[in-house]
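**Student:** This is data-v8.csv (CSV, C-alpha atoms).
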chain,number,residue,atom,x,y,z
A,141,MET,CA,7.9,-15.8,33.3
A,142,SER,CA,7.1,-12.4,31.9
A,143,GLU,CA,4.1,-11.9,29.6
A,144,ALA,CA,6.5,-11.0,26.8
A,145,ALA,CA,8.5,-14.2,27.2
A,146,GLN,CA,5.4,-16.3,27.3
A,147,SER,CA,4.2,-14.6,24.2
A,148,ALA,CA,7.5,-15.2,22.5
A,149,ASP,CA,7.3,-18.9,23.4
A,150,ARG,CA,4.1,-19.2,21.4
A,151,THR,CA,5.4,-17.7,18.3
A,152,MET,CA,5.1,-20.0,15.2
A,153,ALA,CA,7.5,-20.1,12.4
A,154,SER,CA,6.4,-18.2,9.4
A,155,ALA,CA,8.7,-18.1,6.4
A,156,LEU,CA,6.8,-15.2,4.9
A,157,LEU,CA,6.7,-13.0,8.0
A,158,ASP,CA,10.5,-13.7,8.5
A,159,ALA,CA,11.3,-13.0,4.9
A,160,TRP,CA,9.3,-9.9,4.2
A,161,PRO,CA,11.1,-6.8,5.3
A,162,TYR,CA,7.9,-4.8,5.7
A,163,ALA,CA,6.4,-7.5,8.0
A,164,ARG,CA,9.5,-7.3,10.2
A,165,PHE,CA,9.2,-3.4,10.1
A,166,LEU,CA,5.7,-3.7,11.5
A,167,GLY,CA,6.6,-6.6,13.9
A,168,VAL,CA,3.9,-9.0,12.7
A,169,ARG,CA,4.3,-12.7,13.9
A,170,LEU,CA,2.2,-15.8,14.1
A,171,GLU,CA,0.8,-17.7,17.1
A,172,PRO,CA,-1.3,-20.8,17.2
A,173,GLY,CA,-5.0,-20.0,17.2
A,174,GLU,CA,-8.3,-21.8,17.5
A,175,ALA,CA,-8.8,-22.3,13.7
A,176,GLY,CA,-5.3,-22.1,12.3
A,177,PRO,CA,-2.6,-19.5,12.9
A,178,THR,CA,-3.4,-16.1,14.4
A,179,ALA,CA,-1.4,-13.1,13.3
A,180,VAL,CA,-0.2,-10.9,16.1
A,181,LEU,CA,0.9,-7.3,15.9
A,182,PRO,CA,2.3,-5.9,19.2
A,183,PHE,CA,1.7,-2.2,19.7
A,184,ASP,CA,4.5,0.2,18.8
A,185,PRO,CA,4.3,4.0,18.9
A,186,LYS,CA,5.4,4.3,15.2
A,187,LEU,CA,2.1,2.6,14.2
A,188,ILE,CA,0.0,5.5,15.4
A,189,GLY,CA,-2.1,7.3,12.9
A,190,ASN,CA,-4.3,9.5,15.0
A,191,PRO,CA,-2.3,10.7,18.1
A,192,ILE,CA,-5.5,12.4,19.5
A,193,LEU,CA,-7.5,9.3,20.1
A,194,PRO,CA,-4.9,7.7,19.9
A,195,ALA,CA,-5.5,5.1,17.2
A,196,LEU,CA,-3.4,2.9,14.9
A,197,HIS,CA,-3.0,4.2,11.3
A,198,GLY,CA,-5.6,2.8,8.8
A,199,GLY,CA,-2.6,1.8,6.7
A,200,VAL,CA,-1.2,-0.3,9.6
A,201,VAL,CA,-4.6,-2.0,10.1
A,202,ALA,CA,-4.8,-2.8,6.4
A,203,SER,CA,-1.1,-3.9,6.2
A,204,PHE,CA,-1.6,-6.2,9.2
A,205,LEU,CA,-4.7,-7.9,7.8
A,206,GLU,CA,-3.1,-8.3,4.4
A,207,LEU,CA,0.0,-9.9,5.9
A,208,ALA,CA,-2.3,-12.2,8.0
A,209,ALA,CA,-3.9,-13.3,4.7
A,210,LEU,CA,-0.6,-13.8,2.9
A,211,ALA,CA,0.9,-15.6,6.0
A,212,ARG,CA,-2.2,-17.9,6.1
A,213,LEU,CA,-1.6,-18.9,2.4
A,214,ASP,CA,2.1,-19.3,3.1
A,215,HIS,CA,1.1,-21.6,6.0
A,216,GLU,CA,-0.7,-23.7,3.3
A,217,GLY,CA,2.5,-23.7,1.2
A,218,ARG,CA,1.1,-21.2,-1.3
A,219,ARG,CA,3.1,-18.1,-2.4
A,220,ALA,CA,0.7,-15.3,-3.4
A,221,ARG,CA,0.4,-11.8,-4.6
A,222,THR,CA,-2.4,-9.5,-3.7
A,223,ILE,CA,-4.9,-8.7,-6.4
A,224,ASP,CA,-7.3,-6.6,-4.4
A,225,ILE,CA,-8.3,-6.1,-0.8
A,226,THR,CA,-11.2,-4.3,0.9
A,227,VAL,CA,-10.9,-3.3,4.5
A,228,ASP,CA,-13.9,-2.4,6.7
A,229,TYR,CA,-13.0,-0.3,9.7
A,230,LEU,CA,-15.4,-1.3,12.4
A,231,ARG,CA,-13.9,0.3,15.6
A,232,PRO,CA,-11.0,2.5,16.3
A,233,ALA,CA,-7.8,0.5,16.5
A,234,ARG,CA,-6.4,1.2,19.9
A,235,PRO,CA,-2.7,1.3,20.9
A,236,VAL,CA,-2.7,-2.3,22.2
A,237,THR,CA,-1.9,-5.7,20.7
A,238,PHE,CA,-3.7,-6.6,17.5
A,239,TYR,CA,-4.8,-10.1,16.5
A,240,ALA,CA,-6.1,-11.3,13.2
A,241,GLU,CA,-7.4,-14.6,12.0
A,242,ALA,CA,-7.5,-15.3,8.2
A,243,ARG,CA,-10.0,-17.8,6.7
A,244,ILE,CA,-9.5,-19.2,3.2
A,245,LEU,CA,-12.9,-19.1,1.6
A,246,LYS,CA,-11.6,-20.4,-1.7
A,247,LEU,CA,-8.3,-21.8,-2.7
A,248,GLY,CA,-8.1,-22.2,-6.5
A,249,ARG,CA,-5.2,-23.0,-8.7
A,250,ARG,CA,-4.8,-19.4,-9.8
A,251,ALA,CA,-6.4,-17.3,-7.2
A,252,ALA,CA,-7.6,-17.5,-3.6
A,253,ASN,CA,-10.3,-15.6,-1.7
A,254,LEU,CA,-9.7,-14.9,2.0
A,255,ALA,CA,-11.5,-13.2,4.8
A,256,VAL,CA,-9.6,-11.8,7.7
A,257,GLU,CA,-11.1,-10.6,11.0
A,258,ALA,CA,-9.1,-8.6,13.5
A,259,TRP,CA,-9.7,-7.8,17.1
A,260,GLN,CA,-7.9,-6.4,20.1
A,261,GLU,CA,-9.0,-7.0,23.7
A,262,ASP,CA,-12.3,-8.7,22.9
A,263,ARG,CA,-12.4,-11.5,20.3
A,264,ASN,CA,-16.2,-10.8,19.9
A,265,SER,CA,-15.7,-7.1,19.1
A,266,PRO,CA,-14.0,-7.1,15.7
A,267,VAL,CA,-12.0,-3.9,15.0
A,268,ALA,CA,-11.5,-4.5,11.3
A,269,ALA,CA,-12.3,-7.0,8.5
A,270,LEU,CA,-10.7,-7.7,5.2
A,271,ARG,CA,-11.8,-9.5,2.1
A,272,GLY,CA,-9.4,-10.0,-0.7
A,273,HIS,CA,-8.3,-11.9,-3.8
A,274,PHE,CA,-4.8,-13.2,-4.0
A,275,MET,CA,-3.0,-14.5,-7.1
A,276,ILE,CA,-1.4,-17.9,-6.5
A,277,LEU,CA,2.2,-17.7,-7.7
A,278,GLY,CA,3.3,-21.2,-6.6
B,112,MET,CA,-7.8,6.3,9.5
B,113,SER,CA,-6.7,9.2,11.4
B,114,ASP,CA,-6.6,12.4,9.6
B,115,GLU,CA,-8.0,15.5,11.1
B,116,SER,CA,-8.8,18.9,9.9
B,117,ARG,CA,-9.5,21.2,12.7
B,118,THR,CA,-9.1,24.8,13.6
B,119,ALA,CA,-6.4,25.8,15.9
B,120,PRO,CA,-7.9,26.8,19.3
B,121,ASP,CA,-4.8,28.6,20.2
B,122,THR,CA,-1.1,28.6,19.4
B,123,ALA,CA,0.4,25.2,20.2
B,124,PRO,CA,4.0,24.7,21.2
B,125,ALA,CA,6.2,23.6,18.3
B,126,GLN,CA,6.1,19.9,18.8
B,127,GLU,CA,5.9,17.6,15.8
B,128,PRO,CA,3.7,16.0,14.7
B,129,MET,CA,1.1,17.3,17.1
B,130,SER,CA,1.5,20.9,16.4
B,131,ASP,CA,0.6,20.4,12.7
B,132,ILE,CA,-2.5,18.6,13.7
B,133,VAL,CA,-3.6,21.4,16.0
B,134,ARG,CA,-3.1,23.8,13.1
B,135,GLY,CA,-5.2,21.6,10.9
B,136,ASP,CA,-2.5,21.6,8.4
B,137,LEU,CA,-2.7,18.1,7.2
B,138,ALA,CA,-0.6,18.6,4.1
B,139,ALA,CA,2.3,19.7,6.2
B,140,ARG,CA,2.1,17.2,9.0
B,141,GLY,CA,2.6,13.5,9.3
B,142,THR,CA,1.1,10.8,11.4
B,143,ALA,CA,3.6,8.8,13.4
B,144,LEU,CA,3.3,6.1,10.8
B,145,SER,CA,3.9,8.3,7.8
B,146,ILE,CA,7.0,9.7,9.5
B,147,ALA,CA,8.2,6.2,10.3
B,148,LEU,CA,7.6,5.2,6.7
B,149,GLY,CA,9.4,8.4,5.5
B,150,PHE,CA,6.5,9.8,3.5
B,151,GLU,CA,7.3,13.1,1.9
B,152,THR,CA,4.9,15.9,1.0
B,153,LEU,CA,5.2,17.3,-2.6
B,154,GLY,CA,5.3,21.1,-2.3
B,155,ASP,CA,3.3,21.9,-5.4
B,156,ARG,CA,0.6,19.3,-4.9
B,157,PRO,CA,-1.6,19.4,-1.8
B,158,CYS,CA,-3.1,15.9,-2.0
B,159,ALA,CA,-0.1,13.8,-3.0
B,160,MET,CA,2.8,12.3,-1.1
B,161,ARG,CA,5.8,10.2,-2.0
B,162,ALA,CA,7.0,7.0,-0.3
B,163,PRO,CA,10.7,6.9,-1.0
B,164,PHE,CA,12.1,3.4,-1.6
B,165,ARG,CA,13.6,1.8,1.4
B,166,ALA,CA,14.9,-1.7,1.8
B,167,ASP,CA,13.1,-2.3,5.0
B,168,LEU,CA,9.8,-1.5,3.3
B,169,ILE,CA,10.1,-4.2,0.7
B,170,GLY,CA,7.2,-6.7,0.6
B,171,ASP,CA,8.0,-10.0,-1.1
B,172,PRO,CA,11.9,-10.1,-1.3
B,173,ALA,CA,11.6,-12.1,-4.6
B,174,GLU,CA,10.0,-8.9,-6.1
B,175,GLY,CA,12.2,-6.3,-4.4
B,176,ALA,CA,9.5,-3.6,-4.5
B,177,ILE,CA,7.8,-1.4,-1.9
B,178,ALA,CA,5.2,-3.6,-0.1
B,179,GLY,CA,1.5,-3.3,-1.0
B,180,GLY,CA,0.8,-2.3,2.6
B,181,VAL,CA,3.0,0.7,2.3
B,182,ILE,CA,1.1,1.8,-0.8
B,183,PHE,CA,-2.2,1.3,1.1
B,184,ALA,CA,-0.9,3.5,4.0
B,185,LEU,CA,0.3,6.1,1.5
B,186,LEU,CA,-3.1,6.2,-0.2
B,187,ASP,CA,-5.0,6.2,3.1
B,188,GLN,CA,-2.9,9.2,4.1
B,189,THR,CA,-3.4,11.1,0.8
B,190,CYS,CA,-7.2,10.3,0.8
B,191,GLY,CA,-7.3,12.0,4.2
B,192,MET,CA,-5.5,15.0,2.8
B,193,ALA,CA,-8.0,15.2,-0.1
B,194,ILE,CA,-10.9,15.2,2.4
B,195,SER,CA,-9.2,17.9,4.5
B,196,HIS,CA,-8.9,20.1,1.5
B,197,ALA,CA,-12.6,19.4,0.5
B,198,LEU,CA,-13.7,20.3,4.1
B,199,ARG,CA,-11.7,23.5,4.0
B,200,ASP,CA,-13.1,24.4,0.6
B,201,ARG,CA,-16.7,23.7,1.8
B,202,ALA,CA,-16.2,25.8,5.0
B,203,ALA,CA,-14.8,28.6,2.8
B,204,ALA,CA,-17.7,28.4,0.4
B,205,GLU,CA,-20.1,28.5,3.3
B,206,GLY,CA,-18.2,31.5,4.8
B,207,ARG,CA,-17.5,29.8,8.1
B,208,GLU,CA,-14.7,28.5,10.1
B,209,LEU,CA,-13.5,24.9,9.7
B,210,ARG,CA,-15.2,22.9,12.4
B,211,PRO,CA,-13.0,21.0,14.7
B,212,GLY,CA,-13.1,17.2,14.3
B,213,GLY,CA,-11.6,14.3,12.6
B,214,MET,CA,-12.5,11.6,10.2
B,215,ALA,CA,-12.8,7.8,10.3
B,216,THR,CA,-12.3,5.4,7.4
B,217,LEU,CA,-15.5,3.3,6.8
B,218,ASP,CA,-14.1,1.1,4.1
B,219,PHE,CA,-11.1,1.2,1.8
B,220,ARG,CA,-10.6,-0.8,-1.3
B,221,LEU,CA,-7.2,-1.2,-3.0
B,222,ASP,CA,-6.8,-2.7,-6.4
B,223,HIS,CA,-3.3,-3.7,-7.4
B,224,ILE,CA,-3.1,-3.0,-11.1
B,225,ARG,CA,0.5,-4.2,-11.6
B,226,PRO,CA,3.5,-4.8,-9.3
B,227,PRO,CA,5.5,-1.7,-8.5
B,228,ARG,CA,8.9,-1.6,-10.0
B,229,PRO,CA,11.8,-2.9,-7.8
B,230,VAL,CA,13.7,-0.2,-6.0
B,231,ALA,CA,11.3,2.5,-7.1
B,232,SER,CA,9.7,5.3,-5.0
B,233,VAL,CA,6.0,5.5,-5.2
B,234,ILE,CA,3.7,8.6,-5.4
B,235,GLY,CA,0.2,8.5,-4.0
B,236,GLU,CA,-2.4,11.0,-5.0
B,237,ALA,CA,-6.1,11.3,-4.1
B,238,GLU,CA,-9.2,13.4,-4.8
B,239,CYS,CA,-12.4,13.8,-3.0
B,240,LEU,CA,-15.2,12.8,-5.3
B,241,ASN,CA,-18.1,13.8,-3.1
B,242,LEU,CA,-18.6,15.4,0.3
B,243,ALA,CA,-22.2,15.1,1.3
B,244,GLY,CA,-23.1,15.8,4.9
B,245,ASP,CA,-20.7,13.7,7.0
B,246,VAL,CA,-19.7,11.2,4.4
B,247,ALA,CA,-16.8,11.7,2.0
B,248,VAL,CA,-16.1,9.5,-1.0
B,249,VAL,CA,-12.5,9.5,-2.3
B,250,ARG,CA,-10.4,7.8,-4.8
B,251,GLY,CA,-6.6,7.6,-5.0
B,252,TRP,CA,-4.0,6.1,-7.2
B,253,ALA,CA,-0.3,5.3,-7.0
B,254,TYR,CA,2.4,5.4,-9.6
B,255,GLU,CA,6.2,5.7,-9.8
B,256,ASP,CA,6.6,8.6,-12.1
B,257,ASP,CA,3.8,8.4,-14.7
B,258,ARG,CA,0.3,9.1,-13.5
B,259,SER,CA,-1.1,7.4,-16.6
B,260,ASP,CA,0.6,4.2,-15.7
B,261,PRO,CA,-0.8,3.4,-12.2
B,262,ILE,CA,0.4,0.7,-9.8
B,263,ALA,CA,-2.8,0.7,-7.7
B,264,ALA,CA,-6.1,2.4,-7.4
B,265,ALA,CA,-8.1,3.1,-4.2
B,266,GLN,CA,-11.7,3.8,-3.5
B,267,ALA,CA,-12.8,4.7,0.0
B,268,ALA,CA,-15.6,6.2,2.1
B,269,PHE,CA,-14.9,8.2,5.3
B,270,MET,CA,-17.1,9.5,8.0
B,271,ILE,CA,-16.5,13.1,9.1
B,272,THR,CA,-16.6,13.3,12.9
B,273,ASN,CA,-17.2,16.9,13.7
B,274,LEU,CA,-17.4,18.0,17.3
B,275,PRO,CA,-20.8,19.4,18.2
B,276,PRO,CA,-21.0,23.2,17.9
B,277,GLY,CA,-19.9,24.8,21.0
B,278,ALA,CA,-18.2,21.7,22.3
B,279,ALA,CA,-15.0,22.3,24.3
B,280,ILE,CA,-11.8,21.4,22.5
B,281,PRO,CA,-10.3,18.5,24.4
B,282,PRO,CA,-7.2,19.7,26.2
B,283,GLU,CA,-5.2,16.9,24.7
B,284,TRP,CA,-5.8,18.4,21.2
B,285,ARG,CA,-3.7,21.3,22.3
B,286,ALA,CA,-0.6,19.1,22.9
Could the structure of this file be written out as structure tokens, please?
**Tutor:**
Amino acid sequence: MSEAAQSADRTMASALLDAWPYARFLGVRLEPGEAGPTAVLPFDPKLIGNPILPALHGGVVASFLELAALARLDHEGRRARTIDITVDYLRPARPVTFYAEARILKLGRRAANLAVEAWQEDRNSPVAALRGHFMILG
Amino acid sequence: MSDESRTAPDTAPAQEPMSDIVRGDLAARGTALSIALGFETLGDRPCAMRAPFRADLIGDPAEGAIAGGVIFALLDQTCGMAISHALRDRAAAEGRELRPGGMATLDFRLDHIRPPRPVASVIGEAECLNLAGDVAVVRGWAYEDDRSDPIAAAQAAFMITNLPPGAAIPPEWRA
């Protein structure tokens, strides 16, 4: 079986990632991870920001981590809207598959706080990290 | 992110978007992403861009507006433009050529002030607050048509990554 087919087999259902046009535009999906679902963003040339390095666009990195957080809340049955996010860029995001794992630090009635860590080839070398607040809509 | 301001070592073949990068003309060029997202430059304003509304860029379909991630990318891009202009101004003030190099985002915060209006295009605009040594502090804001009614506000720090003086321009920069 090809790597792509194996990967497709692992894809988890995500109502949010299926429903959000921008998530489909980027190609974000979910796979089972060690501590809950892992968001996966396969590389696509349109995601490039810096063609010299080359590196993924900072806006792609942020969008991916934000969608990982929203999909994590969706997985818990919570619909949410972003209040604020802060993204730390730790290493250049290379033109390879991107993974992100979101942790819910606090899930309140009105708002949630999440931390997302993203990596590429090496789980122990994070490429970017996000902290954010999300308004719970339902 | 990904924005460079660098001097052109020589004339590059006309090949978008690389040729714009080689010219260091950030305002006129686009990254692959900004082209894919359809960002448009605004002729009269050097550090602003428009994200035209597109159905495939909607975030939550229940809201029907451009996704927050698109606004993030728009402001990341315009913040890079503002830094490019600040670098160019600094080089001019010091009476020297713009040094070849790029910039890397250290951190980027985006506050969503209110949801964008459904089916509306969004303008992103940025200014460089401070450029001290190799660190630039920028802020940006997004709105549909009224600058005094913002959708989102950004605050970010970037590291300028100049090539050492006398360093050879990597051949791939000439693309």
**Student:** Write down, as a list in words, each residue of chain B that has any atom within 6 Å of an atom of chain A, counting only C-alpha atoms.
**Tutor:**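 Taken together, these residues fit the definition: Met112, Ser113, Thr142, Ala143, Leu144, Ala147, Asp167, Leu168, Ile169, Gly170, Asp171, Gly180, Phe183, Ala184, Leu217, Asp218, Phe219, Arg220, Leu221, Asp222 and His223 of chain B.
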**Student:** One decimal, in Å: what's the spacing between CA of Leu254 (chain A) and CA of Glu236 (chain B)?
**Tutor:**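 Straight-line distance from CA of Leu254 (chain A) to CA of Glu236 (chain B) works out to 27.8 Å.
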**Student:** Name the residues in contact with Ile182 (chain B) at a cut-off of 9 Å, using only C-alpha atoms, excluding same-chain residues fewer than 2 positions from it; report them as a CSV table (one decimal) with C-alpha atoms, in the frame of the given file.
**Tutor:**
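And here is the file that came out, selection33.csv:
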chain,number,residue,atom,x,y,z
A,199,GLY,CA,-2.6,1.8,6.7
B,162,ALA,CA,7.0,7.0,-0.3
B,177,ILE,CA,7.8,-1.4,-1.9
B,178,ALA,CA,5.2,-3.6,-0.1
B,179,GLY,CA,1.5,-3.3,-1.0
B,180,GLY,CA,0.8,-2.3,2.6
B,184,ALA,CA,-0.9,3.5,4.0
B,185,LEU,CA,0.3,6.1,1.5
B,186,LEU,CA,-3.1,6.2,-0.2
B,187,ASP,CA,-5.0,6.2,3.1
B,233,VAL,CA,6.0,5.5,-5.2
B,234,ILE,CA,3.7,8.6,-5.4
B,235,GLY,CA,0.2,8.5,-4.0
B,253,ALA,CA,-0.3,5.3,-7.0
B,263,ALA,CA,-2.8,0.7,-7.7
**Student:** Find, counting only C-alpha atoms, the residue in B:Gly149, B:Pro172, B:Gly154, B:Gly191 that gets nearest to Ala247 (chain B).
**Tutor:** B:Gly191
**Student:** Work out how far apart CA of Ala155 (chain A) and CA of Ile146 (chain B) are and give it in Å to one decimal.
**Tutor:**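 A separation of 28.0 Å between them.
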**Student:** Here is a test: counting all atoms listed in the file, which residue of B:Arg225, B:Gly206, B:Cys190, B:Ala268 is nearest to Ala243 (chain B)?
**Tutor:**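 Ranking B:Arg225, B:Gly206, B:Cys190, B:Ala268 by distance to Ala243 (chain B), first place goes to B:Ala268.
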**Student:** So how far away is CA of Val249 (chain B) from CA of Pro227 (chain B), in Å?
**Tutor:**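 Taking CA of Pro227 (chain B) and CA of Val249 (chain B), their separation equals 22.1 Å.
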**Student:** Just checking: using all atoms listed in the file, which residue out of A:Phe183, A:Leu170, A:Ala251, A:Tyr239 ends up closest to Asp158 (chain A)?
**Tutor:**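 The shortest atom-to-atom distance to Asp158 (chain A) comes from A:Leu170.
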